[in-house]
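Worksheet: one structure, shown below.
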Amino acid sequence: MLRKTLIASAVAATMLATSASAETLRWTRSSDGLTLDPHSQNEGPTHALNHQIFDTLIYQDMDINYQPGLATDWYIHPDDPSVWVFEIREGVTFHEGQALTSEDVVFSLDRARHEYADMRGLLTSIKEVRAEDDYTVHVETHDPNPLLPNNLTNLFIMSKAWAEEHDVETPQNYAAGEETHAVRNANGTGPFRVESREPDTRTVMVRNDDYWGIDEYPMEVSELIFTPIESAATRVAALLSGEVDLLQETPVQDIERLANAEGIRNEQGAENRTIFLGMDLGSMELSTADTDDNPFADLRVREAINIAVDATTIQRAVMRGNSEPAGIIVPPFVNGYSSELDEVVPADTERAQALMAEAGYGDGFSVTLQCPNDRYMNDEQICQAVVSMLARIGISVDLDAQTRSLHFAELANGEYDFYMLGWGVPTMDIEYVFNYLYHSKESDLGTWNFTGYSNERIDELTVAMASETDEETRNAMIEEARQIVHDDIVYIPIHHQMLTWSMRDDIDFKVQSENTPHFKYLRFNQ
């Protein structure tokens with residue numbers, strides 16, 4: 001165990017460690033994980049929960065640096081640039097006692113490539129996964145893929161034997177509402193074991209004392225109780241009353257109050273996530289609009305919306321300064337980010353009205369905006385502000401805000417004309433953004449592109465940048481692709497999100513910019 005340096009005696013140090021090892025941590029945020037099936041959903045709160053239970057081959061630590069997980073080493077095969085070699089950690093067991101081998105890794109990567117797996121978009125370059133021996137895995141890609149390890153930070157490893165035993169060899173079909181054994185039960189190799197699970201109510205996890213990293217991390221949390229609380233006021237009250245110990249995603253209106261509360265402290269930092277609006281610009285007509293065509297298909301209408309939505313006002317009035325207005329859907333952390341394109345277009349209602357008239361919508365039109373009310377910081381309030389701003393240019397917006405589980409299920413089924421979405425980039429490379437959001441929607445590419453946008457050149461560049469190894473050539477591809485989608489105004493960027501976590505003042509835990517707390521790192525100050 002990693003211990004604090006103490007001047008006190010060895011006996012006192014032992015007593016301190018014993019005391020710390022018995023600590024329960026009660027954790028809350030606005031939303032639960034959607035499922036415990038580790039490959040079904042590529043979604044932040046779901047990954048945050050599953051990271052406590054499962055391990056990945058490689059993960060991002062609290063400073064978002066890449067660290068070895070179930071892989072102790074990874075490198076390109078010296079004789080074949082299309083093969084990545086992963087050396088698997090020996091002596092690891094799953095929570096139910098099965099020994100981890102290469103077969104589990106092969107099974108998990110293949111399972112995550114299934115049509116029901118929302119993780120498949122990260123693995124499109126893979127041709128074959130092979131177990132060379134019990135602790136060596138070869139991943140062969142169609143072409144050299146320098147980014148493959150970056151794509152595995154949320155790719156959890158399951159027990160093949162457990163999956164076969166419980167008939168969950170394929171991922172949950174989340175969009176169809178499928179219920180399987182893996183939805184509420186889990187058998188990982190991670191730092192915590194699931195003791196009980198009540199979706200949207202309470203998940204109790206206990207420390208895995210057989211964890212392979214028990215001596216490498218503080219591991220001071222012996223019991224982890226996760227209670228999602230949708231109401232912001234109720235979450236804050238629970239922290240102030242001592243019912244919970246750590247509040248993830250502190251409501252912006254309560255940050256100052258909690259900073260001044262006795263026994264409470266805040267940790268803050270920038271999040272690797274951009275909030276934006278998407279539109280169906282590919283259909284002949286919209287299902288919720290009062291027109292017989294599709295106004296969003298006209299670039300002038302999209303430009304009008306872009307300059308009518310005032311991100312600076314949203315930052316000041318809705319986010320109380322706790323956001324950074326955005327011009328592109330790429331957070332500053334990410335390779336491929338452009339500060340030049342991230343310049344926010346000044347709001348211009350008069351120009352927006354002129355563009356609407358020029359496009360033939362001088363009298364405006366009506367449409368429904370779909371928004372989650374429990375996923376992003378002040379998500380519903382942001383949408384309310386957008387409704388007001390678009391009304392000034394004649395667009396009458398009916399706001400439909402609902403819980404994220406419904407929002408994402410309906411979005412996945414392609415049911416929305418106009419919607420809010422947030423996007424983080426765990427691979428830390430812009431290819432992830434093009435892969436999911438801009439490439440034409442196909443079986444395993446463009447899986448979150450619900451706009452109908454399809455551009456042959458963008459498709460070519462997206463595929464090419466995933467395998468290009470020459471940095472100068474690749475950067476030129478990125479620059480070209482960025483400019484095309486920026487000019488086409490495929491999405492309406494709002495802001496890069498900021499993070500605040502509030503906690504008991506005896507907790508030592510920093511904000512992680514992926515918004516994924518790895519509680520094996522948490523310490524209690526004595």
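Residues in the structure tokens are named by chain (A, B, ... in the order shown) and by number from 1 within that chain; ligands are numbered from 1 in the order shown.
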Tell me, as a PyMOL selection string, which residues lie within 8 Å of region 129-135 of chain A, counting only C-alpha atoms; anything in the same chain fewer than 5 positions away does not count. chain A and resi 87-90+101-103+106+109-110+140
Between region 119-171 of chain A and region 468-489 of chain A, at 10 Å or less, what are the per-residue closest atom pairs and their distances in Å? Count only C-alpha atoms, order by chain and rising residue number, and return it as a Markdown table.
| residue | atom | partner | partner_atom | distance |
| --- | --- | --- | --- | --- |
| A:Asp143 | CA | A:Glu468 | CA | 8.8 |
| A:Pro144 | CA | A:Glu468 | CA | 7.4 |
| A:Asn145 | CA | A:Glu468 | CA | 7.3 |
| A:Pro146 | CA | A:Thr469 | CA | 6.6 |
| A:Leu147 | CA | A:Thr469 | CA | 9.5 |
Output file for the selection above: N, CA, C and O atoms, as a compact mmCIF listing (two decimals), in the first residue's frame:
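The resulting result19.txt:
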# COMPACT_ATOMS: atom_id res chain seq x y z
N ASP A 143 -4.83 -1.34 -41.48
CA ASP A 143 -3.68 -0.52 -41.84
C ASP A 143 -2.99 -0.12 -40.54
O ASP A 143 -3.59 -0.24 -39.46
N PRO A 144 -1.76 0.34 -40.60
CA PRO A 144 -1.12 0.80 -39.36
C PRO A 144 -1.99 1.82 -38.64
O PRO A 144 -2.53 2.74 -39.26
N ASN A 145 -2.17 1.65 -37.33
CA ASN A 145 -3.02 2.55 -36.55
C ASN A 145 -2.25 3.01 -35.31
O ASN A 145 -2.26 2.34 -34.28
N PRO A 146 -1.60 4.17 -35.39
CA PRO A 146 -0.84 4.66 -34.24
C PRO A 146 -1.70 5.03 -33.05
O PRO A 146 -1.19 5.19 -31.93
N LEU A 147 -3.01 5.19 -33.25
CA LEU A 147 -3.90 5.64 -32.18
C LEU A 147 -4.57 4.51 -31.42
O LEU A 147 -5.29 4.76 -30.45
Taking 3 positions as the minimum chain separation for residues in the same chain, which residues sit within 8 Å of Met62 (chain A) when counting only C-alpha atoms? Answer as a ChimeraX atom specification. /A:65,510-513,517-518,521
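Proximity of A:Asp429, A:Asp374, A:Asp209, A:Glu23 to Ser231 (chain A), computed with only C-alpha atoms, is greatest for A:Asp374.
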Any idea what the distance is between CA of Pro493 (chain A) and CA of Asn378 (chain A)?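 Separation of CA of Pro493 (chain A) and CA of Asn378 (chain A): 15.5 Å.
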Which one is closest to Val330 (chain A): A:Val105, A:Val433, A:Ala385, A:Leu57? Count only C-alpha atoms. A:Val433
Enumerate, in order of chain and increasing residue number, the residues of region 284-382 of chain A with an atom no farther than 12 Å from region 445-455 of chain A, each with its shortest atom pair and distance in Å to one decimal, counting only C-alpha atoms, as CSV.
residue,atom,partner,partner_atom,distance
A:Met284,CA,A:Gly452,CA,10.3
A:Glu285,CA,A:Gly452,CA,11.8
A:Leu286,CA,A:Thr451,CA,11.5
A:Asn294,CA,A:Gly452,CA,11.8
A:Phe296,CA,A:Thr451,CA,9.6
A:Ala297,CA,A:Tyr453,CA,9.4
A:Leu299,CA,A:Tyr453,CA,11.9
May I have the residues within 10 Å of Ala163 (chain A) as a PDB file with N, CA and C atoms, in the first residue's frame, using only C-alpha atoms and disregarding those fewer than 2 positions away in the same chain?
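Once everything was written out, this is out00.pdb:
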ATOM      1  N   ASP A 104      -9.529 -13.789 -22.349  1.00  0.00           N
ATOM      2  CA  ASP A 104     -10.520 -12.819 -21.879  1.00  0.00           C
ATOM      3  C   ASP A 104     -10.378 -11.487 -22.621  1.00  0.00           C
ATOM      4  N   PHE A 107     -11.728 -12.036 -26.170  1.00  0.00           N
ATOM      5  CA  PHE A 107     -13.187 -12.074 -26.087  1.00  0.00           C
ATOM      6  C   PHE A 107     -13.765 -10.671 -25.921  1.00  0.00           C
ATOM      7  N   SER A 108     -13.181  -9.881 -25.024  1.00  0.00           N
ATOM      8  CA  SER A 108     -13.715  -8.546 -24.725  1.00  0.00           C
ATOM      9  C   SER A 108     -13.600  -7.614 -25.925  1.00  0.00           C
ATOM     10  N   MET A 158     -13.819  -8.217 -19.744  1.00  0.00           N
ATOM     11  CA  MET A 158     -14.754  -9.123 -19.084  1.00  0.00           C
ATOM     12  C   MET A 158     -14.167 -10.535 -19.009  1.00  0.00           C
ATOM     13  N   SER A 159     -14.719 -11.342 -18.141  1.00  0.00           N
ATOM     14  CA  SER A 159     -14.392 -12.761 -18.073  1.00  0.00           C
ATOM     15  C   SER A 159     -15.190 -13.505 -19.145  1.00  0.00           C
ATOM     16  N   LYS A 160     -14.480 -14.192 -20.035  1.00  0.00           N
ATOM     17  CA  LYS A 160     -15.147 -14.965 -21.074  1.00  0.00           C
ATOM     18  C   LYS A 160     -16.010 -16.071 -20.450  1.00  0.00           C
ATOM     19  N   ALA A 161     -15.448 -16.757 -19.447  1.00  0.00           N
ATOM     20  CA  ALA A 161     -16.187 -17.864 -18.815  1.00  0.00           C
ATOM     21  C   ALA A 161     -17.459 -17.359 -18.146  1.00  0.00           C
ATOM     22  N   GLU A 165     -21.280 -18.334 -19.024  1.00  0.00           N
ATOM     23  CA  GLU A 165     -22.125 -18.912 -17.978  1.00  0.00           C
ATOM     24  C   GLU A 165     -23.468 -18.208 -17.894  1.00  0.00           C
ATOM     25  N   HIS A 166     -23.455 -16.872 -18.093  1.00  0.00           N
ATOM     26  CA  HIS A 166     -24.685 -16.088 -17.919  1.00  0.00           C
ATOM     27  C   HIS A 166     -25.311 -15.652 -19.248  1.00  0.00           C
ATOM     28  N   ASP A 167     -24.861 -16.264 -20.331  1.00  0.00           N
ATOM     29  CA  ASP A 167     -25.463 -16.029 -21.643  1.00  0.00           C
ATOM     30  C   ASP A 167     -25.408 -14.553 -22.043  1.00  0.00           C
ATOM     31  N   VAL A 168     -24.248 -13.936 -21.823  1.00  0.00           N
ATOM     32  CA  VAL A 168     -24.070 -12.528 -22.208  1.00  0.00           C
ATOM     33  C   VAL A 168     -22.827 -12.370 -23.089  1.00  0.00           C
ATOM     34  N   GLU A 169     -22.660 -13.319 -24.020  1.00  0.00           N
ATOM     35  CA  GLU A 169     -21.511 -13.228 -24.931  1.00  0.00           C
ATOM     36  C   GLU A 169     -21.617 -12.029 -25.860  1.00  0.00           C
ATOM     37  N   THR A 170     -22.836 -11.530 -26.086  1.00  0.00           N
ATOM     38  CA  THR A 170     -23.020 -10.325 -26.893  1.00  0.00           C
ATOM     39  C   THR A 170     -23.500  -9.196 -25.990  1.00  0.00           C
ATOM     40  N   PRO A 171     -23.188  -7.953 -26.339  1.00  0.00           N
ATOM     41  CA  PRO A 171     -23.592  -6.818 -25.500  1.00  0.00           C
ATOM     42  C   PRO A 171     -25.101  -6.626 -25.459  1.00  0.00           C
ATOM     43  N   HIS A 181     -28.270 -10.364 -17.896  1.00  0.00           N
ATOM     44  CA  HIS A 181     -27.611 -10.533 -16.601  1.00  0.00           C
ATOM     45  C   HIS A 181     -26.515  -9.482 -16.396  1.00  0.00           C
ATOM     46  N   ALA A 182     -25.875  -9.050 -17.493  1.00  0.00           N
ATOM     47  CA  ALA A 182     -24.767  -8.094 -17.393  1.00  0.00           C
ATOM     48  C   ALA A 182     -25.221  -6.670 -17.129  1.00  0.00           C
ATOM     49  N   ALA A 186     -21.988  -7.654 -12.374  1.00  0.00           N
ATOM     50  CA  ALA A 186     -20.676  -7.449 -12.983  1.00  0.00           C
ATOM     51  C   ALA A 186     -19.637  -8.320 -12.303  1.00  0.00           C
ATOM     52  N   ASN A 187     -18.678  -8.748 -13.093  1.00  0.00           N
ATOM     53  CA  ASN A 187     -17.562  -9.546 -12.584  1.00  0.00           C
ATOM     54  C   ASN A 187     -16.295  -9.033 -13.248  1.00  0.00           C
TER      55      ASN A 187
END
Name the residues of region 357-478 of chain A that come out as alpha helix (DSSP H) in a backbone DSSP run; write them as a PyMOL selection string. chain A and resi 357-358+379-391+404-412+431-433+456-465+471-478
List the spatial neighbours of Asp459 (chain A) as an NGL selection string - criterion: any atom at most 9 Å away, only C-alpha atoms, same-chain residues fewer than 2 positions off excluded. :A and (434-435 or 438-440 or 454-457 or 461-464)
Ile229 (chain A) surroundings by only C-alpha atoms, 12 Å radius, close-in-sequence under 4 positions cut, as a PyMOL selection string: chain A and resi 27-32+199-202+233-239+243-244+247-250+374-375
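Between CA of Ala289 (chain A) and CA of Ala347 (chain A) lies a distance of 24.3 Å.
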So that I can see what lies close to region 148-154 of chain A, please list as a list of chain:residue names the residues with an atom at most 7 Å from it, counting only C-alpha atoms and leaving out residues fewer than 4 positions away in the same chain. A:His47, A:Thr56, A:Leu57, A:Ile58, A:Tyr59, A:Gln60, A:Leu122, A:Thr427
May I have the residues from that selection written out with N, CA, C and O atoms, as a PDB file, in the first residue's frame?
ATOM      1  N   HIS A  47     -19.211   4.996 -17.915  1.00  0.00           N
ATOM      2  CA  HIS A  47     -17.791   4.646 -17.789  1.00  0.00           C
ATOM      3  C   HIS A  47     -17.275   4.939 -16.383  1.00  0.00           C
ATOM      4  O   HIS A  47     -16.484   4.162 -15.830  1.00  0.00           O
ATOM      5  N   THR A  56      -9.258  -1.700 -17.657  1.00  0.00           N
ATOM      6  CA  THR A  56      -8.945  -1.621 -19.076  1.00  0.00           C
ATOM      7  C   THR A  56      -7.482  -2.003 -19.267  1.00  0.00           C
ATOM      8  O   THR A  56      -6.717  -2.058 -18.296  1.00  0.00           O
ATOM      9  N   LEU A  57      -7.086  -2.248 -20.491  1.00  0.00           N
ATOM     10  CA  LEU A  57      -5.678  -2.543 -20.740  1.00  0.00           C
ATOM     11  C   LEU A  57      -4.810  -1.345 -20.390  1.00  0.00           C
ATOM     12  O   LEU A  57      -3.724  -1.485 -19.813  1.00  0.00           O
ATOM     13  N   ILE A  58      -5.300  -0.160 -20.724  1.00  0.00           N
ATOM     14  CA  ILE A  58      -4.619   1.111 -20.504  1.00  0.00           C
ATOM     15  C   ILE A  58      -5.669   2.070 -19.965  1.00  0.00           C
ATOM     16  O   ILE A  58      -6.819   2.017 -20.385  1.00  0.00           O
ATOM     17  N   TYR A  59      -5.302   2.933 -19.040  1.00  0.00           N
ATOM     18  CA  TYR A  59      -6.290   3.894 -18.544  1.00  0.00           C
ATOM     19  C   TYR A  59      -5.637   5.256 -18.352  1.00  0.00           C
ATOM     20  O   TYR A  59      -4.404   5.397 -18.397  1.00  0.00           O
ATOM     21  N   GLN A  60      -6.473   6.277 -18.176  1.00  0.00           N
ATOM     22  CA  GLN A  60      -5.996   7.635 -17.921  1.00  0.00           C
ATOM     23  C   GLN A  60      -6.142   7.929 -16.427  1.00  0.00           C
ATOM     24  O   GLN A  60      -7.236   7.837 -15.875  1.00  0.00           O
ATOM     25  N   LEU A 122     -14.702   2.796 -31.826  1.00  0.00           N
ATOM     26  CA  LEU A 122     -13.297   2.950 -31.460  1.00  0.00           C
ATOM     27  C   LEU A 122     -12.425   1.837 -32.022  1.00  0.00           C
ATOM     28  O   LEU A 122     -11.194   1.928 -31.974  1.00  0.00           O
ATOM     29  N   THR A 427      -9.653   9.688 -26.281  1.00  0.00           N
ATOM     30  CA  THR A 427      -8.441   9.314 -27.012  1.00  0.00           C
ATOM     31  C   THR A 427      -7.452  10.472 -27.111  1.00  0.00           C
ATOM     32  O   THR A 427      -6.320  10.280 -27.556  1.00  0.00           O
TER      33      THR A 427
END
Nearest to Leu499 (chain A) by atom-to-atom distance, counting only C-alpha atoms, from A:Tyr376, A:Trp74, A:Tyr116, A:Trp84: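 The answer is A:Tyr376, which sits nearest to Leu499 (chain A).
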